[in-house]
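Trainee: So I've got this file, final18.txt, and it contains compact mmCIF, C-alpha atoms:
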```
# COMPACT_ATOMS: atom_id res chain seq x y z
CA MET A 1 -22.56 -10.55 12.03
CA ILE A 2 -19.37 -9.86 14.02
CA SER A 3 -18.93 -11.94 17.16
CA GLN A 4 -15.57 -10.48 18.24
CA PHE A 5 -13.18 -7.77 17.13
CA PHE A 6 -9.58 -7.54 18.28
CA VAL A 7 -6.25 -5.98 17.31
CA LEU A 8 -3.00 -7.91 17.77
CA SER A 9 0.60 -6.75 17.62
CA GLN A 10 3.23 -8.61 15.58
CA ARG A 11 4.19 -10.45 18.79
CA GLY A 12 0.60 -11.60 19.32
CA ASP A 13 -0.16 -9.18 22.17
CA ASN A 14 -3.86 -8.40 22.52
CA ILE A 15 -4.06 -4.58 22.32
CA VAL A 16 -7.81 -4.12 21.75
CA PHE A 17 -10.51 -6.75 22.33
CA ARG A 18 -14.28 -6.45 22.15
CA ASP A 19 -16.72 -9.39 22.43
CA TYR A 20 -20.08 -8.35 20.98
CA ARG A 21 -22.17 -11.53 21.04
CA GLY A 22 -20.51 -14.11 23.31
CA GLU A 23 -20.72 -16.83 20.68
CA VAL A 24 -16.97 -17.48 20.28
CA PRO A 25 -14.61 -18.72 23.03
CA LYS A 26 -12.52 -16.09 24.81
CA GLY A 27 -9.24 -17.70 23.72
CA SER A 28 -9.91 -17.02 20.05
CA ALA A 29 -7.14 -14.41 19.82
CA GLU A 30 -4.52 -16.95 20.91
CA ILE A 31 -5.94 -19.58 18.53
CA PHE A 32 -5.84 -17.09 15.68
CA PHE A 33 -2.26 -15.98 16.33
CA ARG A 34 -0.92 -19.53 16.60
CA LYS A 35 -2.68 -20.50 13.38
CA VAL A 36 -1.28 -17.49 11.51
CA LYS A 37 2.24 -17.87 12.93
CA PHE A 38 2.54 -21.57 12.14
CA TRP A 39 0.43 -21.65 8.98
CA LYS A 40 1.06 -24.75 6.87
CA GLU A 41 -1.45 -25.74 4.23
CA GLY A 42 0.18 -26.98 1.05
CA ASP A 43 3.72 -26.45 -0.14
CA GLU A 44 3.15 -23.06 -1.75
CA ALA A 45 1.37 -21.21 1.07
CA GLU A 46 3.86 -19.08 3.01
CA GLU A 47 1.41 -17.07 5.09
CA ALA A 48 -2.16 -17.41 6.20
CA PRO A 49 -4.91 -16.17 3.86
CA PRO A 50 -7.08 -13.25 5.03
CA VAL A 51 -10.00 -15.63 5.70
CA PHE A 52 -9.90 -19.10 7.24
CA ASN A 53 -11.95 -21.34 9.52
CA VAL A 54 -10.90 -23.12 12.72
CA ASP A 55 -13.38 -25.34 14.63
CA GLY A 56 -16.42 -23.66 13.09
CA VAL A 57 -15.20 -20.10 13.71
CA ASN A 58 -14.45 -17.86 10.72
CA TYR A 59 -11.41 -15.62 11.21
CA ILE A 60 -11.17 -12.59 8.90
CA HIS A 61 -8.10 -10.38 9.29
CA ALA A 62 -6.30 -7.48 7.63
CA LYS A 63 -2.74 -6.33 8.27
CA VAL A 64 -2.49 -2.56 8.64
CA ALA A 65 0.66 -0.69 9.73
CA GLY A 66 2.20 -3.76 11.33
CA LEU A 67 -0.98 -4.58 13.29
CA MET A 68 -3.52 -7.35 12.72
CA PHE A 69 -7.17 -6.26 12.73
CA VAL A 70 -9.31 -9.37 13.23
CA ALA A 71 -13.03 -10.16 13.23
CA THR A 72 -14.58 -13.51 14.16
CA THR A 73 -18.01 -14.96 13.43
CA ARG A 74 -19.74 -18.33 13.24
CA LEU A 75 -22.02 -17.17 10.42
CA ASN A 76 -21.43 -17.56 6.69
CA VAL A 77 -20.77 -13.89 5.96
CA SER A 78 -19.34 -12.01 2.98
CA PRO A 79 -15.52 -11.96 3.38
CA SER A 80 -15.14 -8.87 1.20
CA LEU A 81 -17.62 -6.97 3.40
CA PHE A 82 -15.67 -7.86 6.55
CA LEU A 83 -12.30 -7.00 4.99
CA GLU A 84 -13.62 -3.62 3.86
CA LEU A 85 -15.05 -3.00 7.34
CA LEU A 86 -11.68 -3.82 8.98
CA GLN A 87 -9.89 -1.39 6.65
CA ARG A 88 -12.45 1.33 7.44
CA ILE A 89 -12.12 0.79 11.18
CA ALA A 90 -8.33 1.12 10.85
CA ARG A 91 -8.77 4.31 8.83
CA VAL A 92 -11.18 5.86 11.36
CA ILE A 93 -8.82 5.05 14.24
CA LYS A 94 -5.91 6.58 12.32
CA ASP A 95 -7.96 9.71 11.59
CA TYR A 96 -8.60 10.22 15.30
CA LEU A 97 -5.20 9.19 16.68
CA GLY A 98 -3.11 10.69 13.89
CA VAL A 99 -0.61 7.81 14.08
CA LEU A 100 -1.64 4.17 13.82
CA ASN A 101 0.75 1.90 15.72
CA GLU A 102 0.92 -0.14 18.89
CA ASP A 103 2.06 2.76 21.07
CA SER A 104 -0.74 5.10 19.97
CA LEU A 105 -3.40 2.38 20.48
CA ARG A 106 -2.20 1.65 24.01
CA LYS A 107 -2.10 5.32 25.01
CA ASN A 108 -5.53 6.02 23.50
CA PHE A 109 -7.37 2.80 24.38
CA VAL A 110 -10.28 4.72 25.95
CA LEU A 111 -10.82 6.69 22.73
CA VAL A 112 -10.45 3.51 20.61
CA TYR A 113 -13.11 1.66 22.64
CA GLU A 114 -15.39 4.70 22.38
CA LEU A 115 -14.98 4.62 18.60
CA LEU A 116 -15.66 0.88 18.44
CA ASP A 117 -18.87 1.28 20.46
CA GLU A 118 -20.14 3.79 17.91
CA VAL A 119 -18.93 1.93 14.80
CA ILE A 120 -20.30 -1.52 15.80
CA ASP A 121 -23.42 -2.19 17.86
CA PHE A 122 -24.06 -5.80 19.04
CA GLY A 123 -21.96 -7.04 16.13
CA TYR A 124 -23.70 -4.96 13.45
CA PRO A 125 -21.72 -2.18 11.67
CA GLN A 126 -23.35 1.22 12.14
CA ASN A 127 -21.18 4.05 10.80
CA THR A 128 -17.56 4.41 9.67
CA SER A 129 -17.67 8.09 8.68
CA THR A 130 -15.10 10.17 10.55
CA GLU A 131 -17.22 13.29 10.10
CA VAL A 132 -20.45 11.74 11.45
CA LEU A 133 -18.66 10.15 14.43
CA LYS A 134 -17.40 13.57 15.57
CA SER A 135 -20.85 14.25 17.07
CA TYR A 136 -20.61 11.18 19.34
CA ILE A 137 -16.92 11.08 20.34
CA PHE A 138 -15.91 13.16 23.34
CA ASN A 139 -12.47 11.87 24.35
CA GLU A 140 -9.44 13.82 23.14
CA PRO A 141 -6.52 11.89 21.58
CA ILE A 142 -3.16 11.67 23.33
CA VAL A 143 -0.72 12.74 20.63
CA VAL A 144 2.14 10.31 19.99
CA ASP A 145 5.40 11.78 18.71
CA SER A 146 5.93 10.25 15.27
CA SER A 147 9.37 11.80 14.65
CA ARG A 148 11.17 8.92 16.35
CA MET A 149 9.31 6.25 14.40
CA PRO A 150 9.88 5.05 10.83
CA PRO A 151 7.17 6.21 8.40
CA LEU A 152 4.29 3.82 7.88
CA ASN A 153 3.78 4.84 4.26
CA PRO A 154 5.68 6.58 1.48
CA ALA A 155 4.17 9.98 2.27
CA ALA A 156 7.01 10.97 4.62
CA MET A 157 9.56 10.48 1.83
CA PHE A 158 7.96 12.78 -0.72
CA MET A 159 9.68 15.90 -1.95
CA GLN A 160 8.24 18.84 -3.85
CA GLY A 161 10.86 21.14 -5.34
CA ALA A 162 13.29 22.13 -2.61
CA LYS A 163 10.62 21.91 0.08
CA ARG A 164 10.21 18.72 2.03
CA MET A 165 6.73 17.73 3.02
CA PRO A 166 6.22 18.30 6.74
CA GLY A 167 7.00 15.05 8.53
CA THR A 168 3.92 15.20 10.75
CA ALA A 169 1.55 16.19 7.97
CA VAL A 170 -0.25 12.89 7.57
CA THR A 171 0.11 11.91 11.23
CA LYS A 172 -2.16 14.60 12.68
CA SER A 173 -5.47 13.85 14.33
CA VAL A 174 -8.55 15.34 12.68
CA VAL A 175 -9.81 16.48 16.09
CA ALA A 176 -6.61 17.72 17.75
CA ASN A 177 -5.37 21.30 17.29
CA GLU A 178 -1.83 22.57 16.81
CA PRO A 179 0.10 23.86 19.86
CA GLY A 180 -1.46 27.16 20.85
CA GLY A 181 -4.98 26.04 19.91
CA ARG A 182 -4.68 27.04 16.25
CA LYS A 183 -5.34 24.71 13.38
CA ARG A 184 -3.02 24.72 10.37
CA GLU A 185 -5.06 25.04 7.17
CA GLU A 186 -3.78 22.44 4.68
CA ILE A 187 -4.90 19.71 2.36
CA PHE A 188 -3.08 16.65 1.02
CA VAL A 189 -3.75 14.88 -2.28
CA ASP A 190 -1.86 11.65 -2.95
CA ILE A 191 -1.91 9.86 -6.31
CA ILE A 192 -0.90 6.30 -5.40
CA GLU A 193 -0.43 3.71 -8.15
CA LYS A 194 0.29 -0.01 -7.81
CA ILE A 195 1.60 -1.56 -10.99
CA SER A 196 1.58 -5.18 -12.14
CA VAL A 197 3.95 -6.22 -14.95
CA THR A 198 5.00 -9.65 -16.23
CA PHE A 199 8.07 -9.93 -18.48
CA SER A 200 8.79 -12.93 -20.70
CA SER A 201 12.16 -14.70 -20.63
CA SER A 202 13.25 -12.58 -23.61
CA GLY A 203 12.28 -9.31 -21.91
CA TYR A 204 8.98 -8.60 -23.67
CA ILE A 205 5.98 -7.35 -21.68
CA LEU A 206 3.30 -10.05 -21.41
CA THR A 207 0.85 -8.26 -19.10
CA SER A 208 0.73 -4.79 -17.59
CA GLU A 209 -1.83 -3.08 -15.36
CA VAL A 210 -2.07 -0.01 -13.12
CA ASP A 211 -4.40 0.14 -10.09
CA GLY A 212 -4.51 3.71 -8.88
CA THR A 213 -6.27 5.83 -6.31
CA ILE A 214 -6.43 9.55 -5.53
CA GLN A 215 -6.37 9.86 -1.75
CA MET A 216 -7.29 13.09 0.00
CA LYS A 217 -6.89 14.21 3.59
CA SER A 218 -8.25 17.60 4.53
CA TYR A 219 -7.40 19.78 7.51
CA LEU A 220 -9.46 22.73 6.22
CA SER A 221 -11.88 24.35 8.64
CA GLY A 222 -15.42 24.93 7.47
CA ASN A 223 -15.27 22.29 4.71
CA PRO A 224 -14.92 24.68 1.72
CA ASP A 225 -15.68 23.64 -1.86
CA ILE A 226 -12.71 22.16 -3.72
CA ARG A 227 -12.07 21.86 -7.46
CA LEU A 228 -9.60 19.18 -8.53
CA ALA A 229 -8.60 19.32 -12.20
CA LEU A 230 -7.11 16.29 -13.97
CA ASN A 231 -5.58 15.90 -17.45
CA GLU A 232 -7.74 17.65 -20.03
CA ASP A 233 -7.28 14.79 -22.50
CA LEU A 234 -8.17 12.10 -19.98
CA SER A 235 -10.19 9.34 -21.67
CA ILE A 236 -12.32 6.69 -19.95
CA GLY A 237 -12.89 3.32 -21.64
CA ARG A 238 -10.85 0.89 -23.71
CA ASN A 239 -11.93 2.54 -26.97
CA GLY A 240 -10.59 5.90 -25.82
CA GLY A 241 -7.53 5.81 -28.10
CA SER A 242 -4.52 3.88 -29.30
CA SER A 243 -1.66 2.40 -27.30
CA MET A 244 0.46 5.03 -25.61
CA TYR A 245 3.49 2.84 -24.84
CA GLY A 246 6.71 4.73 -25.34
CA SER A 247 5.00 7.91 -26.58
CA ARG A 248 5.95 10.27 -23.74
CA SER A 249 7.80 10.15 -20.46
CA SER A 250 5.81 9.58 -17.29
CA THR A 251 6.27 13.18 -16.23
CA GLY A 252 5.02 14.68 -19.48
CA GLY A 253 1.57 15.26 -20.88
CA GLY A 254 -0.22 13.14 -23.45
CA THR A 255 -3.47 11.20 -23.61
CA VAL A 256 -4.26 9.18 -20.50
CA ILE A 257 -6.59 6.26 -21.19
CA LEU A 258 -8.24 4.60 -18.18
CA ASP A 259 -10.25 1.39 -18.47
CA ASP A 260 -12.67 2.35 -15.71
CA CYS A 261 -12.95 4.46 -12.58
CA ASN A 262 -15.26 5.21 -9.67
CA PHE A 263 -15.65 8.20 -7.36
CA HIS A 264 -16.38 9.00 -3.73
CA GLU A 265 -19.99 9.85 -2.92
CA SER A 266 -19.04 13.48 -2.12
CA VAL A 267 -17.70 14.10 -5.65
CA HIS A 268 -19.87 16.08 -8.10
CA LEU A 269 -19.32 15.21 -11.76
CA ASP A 270 -21.30 18.08 -13.32
CA THR A 271 -18.33 19.40 -15.32
CA PHE A 272 -16.19 16.26 -15.44
CA ASP A 273 -17.13 15.40 -19.04
CA LEU A 274 -16.41 18.97 -20.18
CA ASP A 275 -13.08 19.86 -18.55
CA ARG A 276 -12.16 16.81 -16.38
CA THR A 277 -12.73 18.76 -13.16
CA LEU A 278 -14.00 17.19 -9.94
CA THR A 279 -15.96 19.33 -7.47
CA LEU A 280 -16.35 18.18 -3.89
CA VAL A 281 -16.78 19.18 -0.27
CA PRO A 282 -14.19 16.98 1.48
CA PRO A 283 -15.38 15.13 4.59
CA ASP A 284 -13.13 14.88 7.63
CA GLY A 285 -10.46 12.21 7.60
CA GLU A 286 -8.75 10.33 4.80
CA PHE A 287 -10.79 9.07 1.86
CA SER A 288 -10.44 7.96 -1.77
CA VAL A 289 -11.61 10.65 -4.19
CA MET A 290 -11.21 8.37 -7.20
CA ASN A 291 -10.15 4.79 -7.92
CA TYR A 292 -9.07 3.85 -11.41
CA ARG A 293 -7.59 1.00 -13.46
CA MET A 294 -5.52 1.04 -16.62
CA THR A 295 -4.53 -1.98 -18.74
CA GLN A 296 -3.20 -0.05 -21.72
CA GLU A 297 0.52 -0.52 -22.30
CA PHE A 298 2.80 1.85 -20.40
CA LYS A 299 6.53 2.24 -19.98
CA PRO A 300 7.55 0.11 -16.97
CA PRO A 301 9.90 1.86 -14.52
CA PHE A 302 12.31 -1.10 -14.35
CA ARG A 303 13.62 -3.62 -16.84
CA ILE A 304 14.61 -7.01 -15.42
CA ASN A 305 16.92 -9.43 -17.21
CA ALA A 306 17.57 -12.75 -15.46
CA LEU A 307 19.54 -15.79 -16.53
CA ILE A 308 20.47 -19.13 -14.95
CA GLU A 309 22.91 -21.53 -16.56
CA GLU A 310 25.18 -24.40 -15.61
CA ALA A 311 28.73 -23.43 -14.56
CA GLY A 312 30.45 -26.79 -14.35
CA GLN A 313 29.53 -30.00 -12.59
CA LEU A 314 27.07 -29.54 -9.69
CA LYS A 315 27.17 -25.74 -10.04
CA ALA A 316 25.11 -23.02 -11.69
CA GLU A 317 25.32 -19.25 -12.10
CA VAL A 318 22.50 -16.73 -11.79
CA ILE A 319 22.79 -13.25 -13.33
CA ILE A 320 20.15 -10.61 -12.53
CA LYS A 321 20.36 -7.18 -14.15
CA ILE A 322 18.07 -4.27 -13.19
CA ARG A 323 17.81 -1.10 -15.30
CA ALA A 324 15.88 1.99 -14.12
CA ASP A 325 13.96 3.45 -17.09
CA PHE A 326 13.01 6.80 -15.57
CA LEU A 327 14.59 10.25 -15.26
CA PRO A 328 17.76 10.72 -13.15
CA SER A 329 15.87 13.29 -11.04
CA VAL A 330 13.69 10.45 -9.69
CA THR A 331 14.94 7.95 -7.11
CA ALA A 332 13.34 4.62 -6.19
CA ASN A 333 13.81 3.27 -2.68
CA THR A 334 13.25 0.13 -0.57
CA ILE A 335 13.90 -2.20 -3.50
CA THR A 336 13.78 -5.96 -2.92
CA ILE A 337 14.43 -8.59 -5.61
CA GLN A 338 13.69 -12.24 -4.88
CA MET A 339 14.21 -15.41 -6.91
CA PRO A 340 13.44 -19.03 -5.97
CA VAL A 341 16.31 -21.41 -6.74
CA PRO A 342 16.20 -25.23 -7.22
CA LYS A 343 15.07 -27.05 -4.07
CA TYR A 344 18.29 -29.06 -3.90
CA THR A 345 20.55 -25.97 -3.72
CA THR A 346 22.89 -26.29 -0.70
CA ARG A 347 24.96 -23.10 -0.90
CA VAL A 348 24.88 -19.71 -2.66
CA SER A 349 27.74 -17.22 -2.98
CA PHE A 350 27.04 -13.67 -4.20
CA GLU A 351 29.08 -11.20 -6.21
CA LEU A 352 28.00 -7.56 -6.36
CA GLU A 353 29.26 -4.98 -8.82
CA ALA A 354 32.39 -3.00 -7.93
CA GLY A 355 31.75 -0.07 -5.61
CA ALA A 356 28.24 -1.22 -4.66
CA VAL A 357 26.86 0.81 -1.73
CA GLY A 358 23.61 0.27 0.17
CA GLN A 359 23.09 -3.26 -1.15
CA ALA A 360 22.61 -6.53 0.74
CA THR A 361 22.22 -10.16 -0.36
CA ASP A 362 20.93 -13.23 1.42
CA PHE A 363 20.09 -16.88 0.76
CA LYS A 364 16.88 -17.97 2.51
CA GLU A 365 17.67 -21.63 3.02
CA THR A 366 14.30 -22.58 4.48
CA ASN A 367 12.36 -21.69 1.33
CA LYS A 368 15.33 -21.85 -1.11
CA ARG A 369 15.13 -18.25 -2.23
CA LEU A 370 17.84 -15.68 -2.89
CA GLU A 371 17.18 -12.07 -1.93
CA TRP A 372 18.81 -8.84 -3.12
CA CYS A 373 18.00 -5.58 -1.33
CA LEU A 374 18.95 -2.08 -2.49
CA ASN A 375 18.40 1.09 -0.48
CA LYS A 376 17.85 3.22 -3.58
CA ILE A 377 18.15 3.23 -7.38
CA VAL A 378 18.63 6.48 -9.29
CA GLY A 379 16.88 6.83 -12.65
CA GLY A 380 18.94 5.73 -15.64
CA SER A 381 21.26 3.49 -13.62
CA GLU A 382 21.92 -0.24 -13.95
CA HIS A 383 22.74 -2.79 -11.26
CA THR A 384 23.89 -6.40 -11.64
CA LEU A 385 24.00 -9.34 -9.23
CA ARG A 386 25.84 -12.59 -9.84
CA ALA A 387 25.16 -15.65 -7.68
CA LYS A 388 26.88 -19.03 -7.80
CA LEU A 389 24.75 -22.01 -6.77
CA THR A 390 26.17 -25.26 -5.41
CA PHE A 391 24.26 -28.54 -5.67
CA PRO A 392 24.75 -31.91 -3.92
CA GLN A 393 25.96 -35.06 -5.67
CA GLU A 394 22.56 -36.10 -6.99
CA SER A 395 21.65 -35.21 -10.54
CA HIS A 396 19.41 -32.28 -11.38
CA GLY A 397 16.98 -31.56 -14.23
CA ASN A 398 16.13 -28.43 -16.21
CA LEU A 399 17.41 -25.43 -14.22
CA THR A 400 15.17 -22.92 -16.00
CA LYS A 401 12.04 -24.84 -15.00
CA GLU A 402 13.16 -25.39 -11.40
CA ALA A 403 14.20 -21.78 -10.66
CA GLY A 404 12.45 -18.42 -10.82
CA PRO A 405 10.55 -16.33 -11.56
CA VAL A 406 12.24 -13.11 -10.39
CA SER A 407 9.93 -10.82 -8.40
CA MET A 408 10.58 -7.20 -7.46
CA ASN A 409 9.16 -4.81 -4.85
CA PHE A 410 9.84 -1.07 -4.85
CA THR A 411 8.53 2.39 -4.06
CA ILE A 412 9.10 5.41 -6.36
CA PRO A 413 8.08 8.80 -4.90
CA MET A 414 7.09 11.61 -7.29
CA TYR A 415 6.55 9.23 -10.22
CA ASN A 416 3.41 7.79 -11.78
CA ALA A 417 3.22 5.26 -14.58
CA SER A 418 -0.21 6.23 -15.94
CA ARG A 419 0.73 9.92 -16.37
CA LEU A 420 -2.47 10.98 -14.60
CA GLN A 421 -1.77 14.51 -13.34
CA VAL A 422 -3.46 17.04 -11.06
CA ARG A 423 -3.47 20.27 -13.10
CA TYR A 424 -4.61 22.43 -10.21
CA LEU A 425 -6.24 22.24 -6.79
CA GLN A 426 -8.59 25.16 -6.19
CA ILE A 427 -10.12 25.96 -2.80
CA ALA A 428 -13.05 28.33 -2.34
CA LYS A 429 -11.74 31.48 -0.62
CA LYS A 430 -13.31 32.65 2.62
CA SER A 431 -11.40 35.93 2.54
CA LYS A 432 -8.64 37.68 0.60
CA THR A 433 -5.99 36.46 3.03
CA TYR A 434 -7.17 32.84 3.06
CA ASN A 435 -4.47 30.76 1.40
CA PRO A 436 -4.19 27.22 2.82
CA TYR A 437 -1.27 24.93 2.10
CA ARG A 438 -1.77 22.49 -0.77
CA TRP A 439 0.30 19.33 -1.11
CA VAL A 440 0.04 17.12 -4.20
CA ARG A 441 2.20 14.00 -4.18
CA TYR A 442 2.74 10.98 -6.41
CA VAL A 443 4.00 7.51 -5.58
CA THR A 444 4.28 4.27 -7.54
CA GLN A 445 4.60 0.88 -5.87
CA ALA A 446 5.01 -2.65 -7.18
CA ASN A 447 1.97 -4.87 -6.88
CA SER A 448 3.19 -7.88 -8.91
CA TYR A 449 6.40 -7.15 -10.81
CA VAL A 450 7.67 -10.44 -12.23
CA ALA A 451 10.21 -11.58 -14.84
CA ARG A 452 10.23 -15.18 -16.10
CA LEU A 453 13.42 -17.09 -16.77
```
Translate this structure into structure tokens?

Mentor:
Amino acid sequence: MISQFFVLSQRGDNIVFRDYRGEVPKGSAEIFFRKVKFWKEGDEAEEAPPVFNVDGVNYIHAKVAGLMFVATTRLNVSPSLFLELLQRIARVIKDYLGVLNEDSLRKNFVLVYELLDEVIDFGYPQNTSTEVLKSYIFNEPIVVDSSRMPPLNPAAMFMQGAKRMPGTAVTKSVVANEPGGRKREEIFVDIIEKISVTFSSSGYILTSEVDGTIQMKSYLSGNPDIRLALNEDLSIGRNGGSSMYGSRSSTGGGTVILDDCNFHESVHLDTFDLDRTLTLVPPDGEFSVMNYRMTQEFKPPFRINALIEEAGQLKAEVIIKIRADFLPSVTANTITIQMPVPKYTTRVSFELEAGAVGQATDFKETNKRLEWCLNKIVGGSEHTLRAKLTFPQESHGNLTKEAGPVSMNFTIPMYNASRLQVRYLQIAKKSKTYNPYRWVRYVTQANSYVARL
């Protein structure tokens, strides 16, 4: 199974290293980092794949929170098993440390090694359950102040009414108490959706898909029963109803049709078919209550229109227009638009719209790609970028075939494309005064958002 496990920083520093079987040379971490940093295999590959082989050693790695979690082995193992194991190890470490970054790993290396010794024994995975590991872990975490660090996920940006989610909510350790020895009773439910959309050159939707998950993190003492109610008219299966494209806004009701879904082992589905209610006793740590997939048509949050045309001899003009098709009360952030240009492009000049604020443009000359970054986009707004390309003396062919497609990355808090909603979150009461905090949050991210020229 696993010969070595190690965690590297973005600079290649070895933060955690454990050799379980002695089958792989000690310099494997340096070999791995050099291979990843200077990866060149084919013209299209820009970064190393999650699994590759060097001199008979298989390197499997996952990037989590700016860190590289790596496992090595000489055996022909299942890559998906190893990748899932690396993600679970990262999740367990985050549950215990509260914050997963280089600083927290260095300050809590004793606790991290204690966790690794329980999770993996002589290269064989044993247990990745945060709740079960509590019986075997005795070191207390050293709490790292997360207020000075940028958030590692969209959770810190969420708003609910006029109340901002507490900044340290998802960065607390499951074993550490609040100052004063008391534990704040609260539970977090995150509906996270990653959407994939492909637009044709004329703006029509060619493919659309939503991959979603309901994540839960509980800080409730005593593990009380929880009832999580979803849309009453939720339908599972492709034959669940007709297309719902354009029928309602993403914040309204309406039939939600999922292709398929699966649930965590702690979820009881006794009443799910009757009233779409999930009953569970949440384990410690962060876990996925439900994973789901939807390929029915839905209203995409952004419309992309892109055009490239000749603008005189040895010149061309690119026009990219982005329109936000969601309510003005919703704001998308960290938006990045990229578009490959012809390989023989020598210079690019940009022209933003008048009064543009919080926007930046760049021409990546090494991979011939133009980049447009926006800090935020308010629902209902439109933004346009014009770029003038300059070519050398040699002739060029069909611009439309040699440029594009346009790809987009974004994060939209408090918005979900599938319209899956949590109707209520009910917690079994221990007493009349027991009223823990409940936080339900939504976020939509781009998985593959592409427009062809």

Trainee: Residues of range 39-75 of chain A that have any atom at most 12 Å from an atom of range 117-132 of chain A: could you tabulate them with the shortest-distance atom pair and the distance in Å to one decimal, using only C-alpha atoms, ordered by chain and increasing number, as CSV?

Mentor:
```
residue,atom,partner,partner_atom,distance
A:Ala71,CA,A:Gly123,CA,9.9
A:Thr72,CA,A:Gly123,CA,10.0
A:Thr73,CA,A:Gly123,CA,9.3
A:Arg74,CA,A:Gly123,CA,11.9
A:Leu75,CA,A:Gly123,CA,11.6
```

Trainee: Check the smallest atom-to-atom distance from each of A:Ser381, A:Asn409, A:Asn76, A:Ser202 to Thr331 in chain A using only C-alpha atoms, then report the winner.

Mentor: A:Ser381

Trainee: Quick one: pull the distance between CA of Val450 in chain A and CA of Asn398 in chain A, Å, one decimal.

Mentor: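 For CA of Val450 in chain A relative to CA of Asn398 in chain A, the distance reads 20.3 Å.
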
Trainee: Write out as a list in words which residues come within 8 Å of range 89-92 of chain A when counting only C-alpha atoms, dropping same-chain ones fewer than 2 positions away.

Mentor: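 My reading of the contact set: Val64, Phe69, Leu85, Leu86, Gln87, Lys94, Asp95, Tyr96, Leu100, Val119, Thr128, Ser129, Thr130, Gly285 and Glu286 of chain A.
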
Trainee: Please compute the CA of Ser266 in chain A-CA of Leu111 in chain A distance, one decimal, in Å.

Mentor: 27.0 Å

Trainee: Nearest residue to Arg34 in chain A out of A:Asp270, A:Asp13, A:Glu365, A:Asp284, using only C-alpha atoms?

Mentor: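 That would be A:Asp13, the residue with the smallest distance to Arg34 in chain A.
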
Trainee: Could you work out how far CA of Val341 in chain A lies from CA of Arg369 in chain A, giving the answer in Å with one decimal?

Mentor: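 Interatomic distance, CA of Arg369 in chain A to CA of Val341 in chain A: 5.6 Å.
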
Trainee: Point out the residue among A:Ile377, A:Leu453, A:Leu115, A:Ile60 with the least atom-to-atom distance to Ile308 in chain A, counting all atoms listed in the file.

Mentor: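 When distances to Ile308 in chain A are compared using all atoms listed in the file, the smallest one comes from A:Leu453.
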
Trainee: Fewer than 5 positions away in the same chain doesn't count, so skip those; otherwise give me all residues within 10 Å of Ser28 in chain A, counting only C-alpha atoms, as a compact mmCIF listing (two decimals) with C-alpha atoms, keeping the file's coordinate frame.

Mentor:
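After the write, result_4.txt holds the following:
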```
# COMPACT_ATOMS: atom_id res chain seq x y z
CA GLN A 4 -15.57 -10.48 18.24
CA PHE A 6 -9.58 -7.54 18.28
CA PHE A 33 -2.26 -15.98 16.33
CA ARG A 34 -0.92 -19.53 16.60
CA VAL A 54 -10.90 -23.12 12.72
CA VAL A 57 -15.20 -20.10 13.71
CA TYR A 59 -11.41 -15.62 11.21
CA THR A 72 -14.58 -13.51 14.16
```

Trainee: Measuring between all atoms listed in the file, which one of A:Phe391, A:Tyr20, A:Phe32, A:Tyr415 shows the shortest distance to Glu310 in chain A?

Mentor: A:Phe391

Trainee: Enumerate, as JSON, numbers by chain, the protein, DNA and RNA residues whose atoms approach (-13.6, 2.9, -14.6) to within 10 Å, taking into account all atoms listed in the file and the coordinate frame of the file.

Mentor: {"A": [236, 237, 238, 258, 259, 260, 261, 262, 263, 290, 291, 292, 293, 294]}

Trainee: List every protein, DNA or RNA residue with an atom no more than 6 Å from (-15.5, -15.6, 6.4) in the file's coordinates, counting only C-alpha atoms, and format the result as a list in words.

Mentor: Val51, Asn58, Ile60, Val77 and Pro79 of chain A

Trainee: Which residue out of A:Arg18, A:His264, A:Arg106, A:Arg452 has the minimum interatomic distance to Ser200 in chain A when all atoms listed in the file are used?

Mentor: A:Arg452

Trainee: Taking into account all atoms listed in the file, which residue in the set A:Ser196, A:Asn333, A:Thr384, A:Ser80 is nearest to Ala356 in chain A?

Mentor: A:Thr384

Trainee: Within 10 Å of Ile205 in chain A, counting all atoms listed in the file, which residues qualify if same-chain residues fewer than 3 places away don't, as a PyMOL selection string?

Mentor: chain A and resi 197-202+208+297-300+303+451

Trainee: Report as a PyMOL selection string all protein, DNA and RNA residues lying within 12 Å of Tyr434 in chain A, evaluated on all atoms listed in the file, omitting residues in the same chain fewer than 2 positions from it.

Mentor: chain A and resi 184-186+220-221+224+427-432+436-437

Trainee: Need to verify the contact set: Val330 in chain A, 10 Å, all atoms listed in the file, exclusion of same-chain residues closer than 2 positions in sequence. Can you return it as JSON, numbers by chain?

Mentor: {"A": [324, 326, 327, 328, 332, 377, 378, 379, 380, 412, 413, 414, 415]}

Trainee: Taking all atoms of range 82-96 of chain A that appear in the file, build a box with edges along x, y and z, extend it by 8 Å on every side, and state its centre and edge lengths in Å to one decimal, as lines of an AutoDock Vina configuration file.

Mentor:
```
center_x = -10.8
center_y = 1.2
center_z = 9.6
size_x = 25.8
size_y = 34.1
size_z = 27.4
```
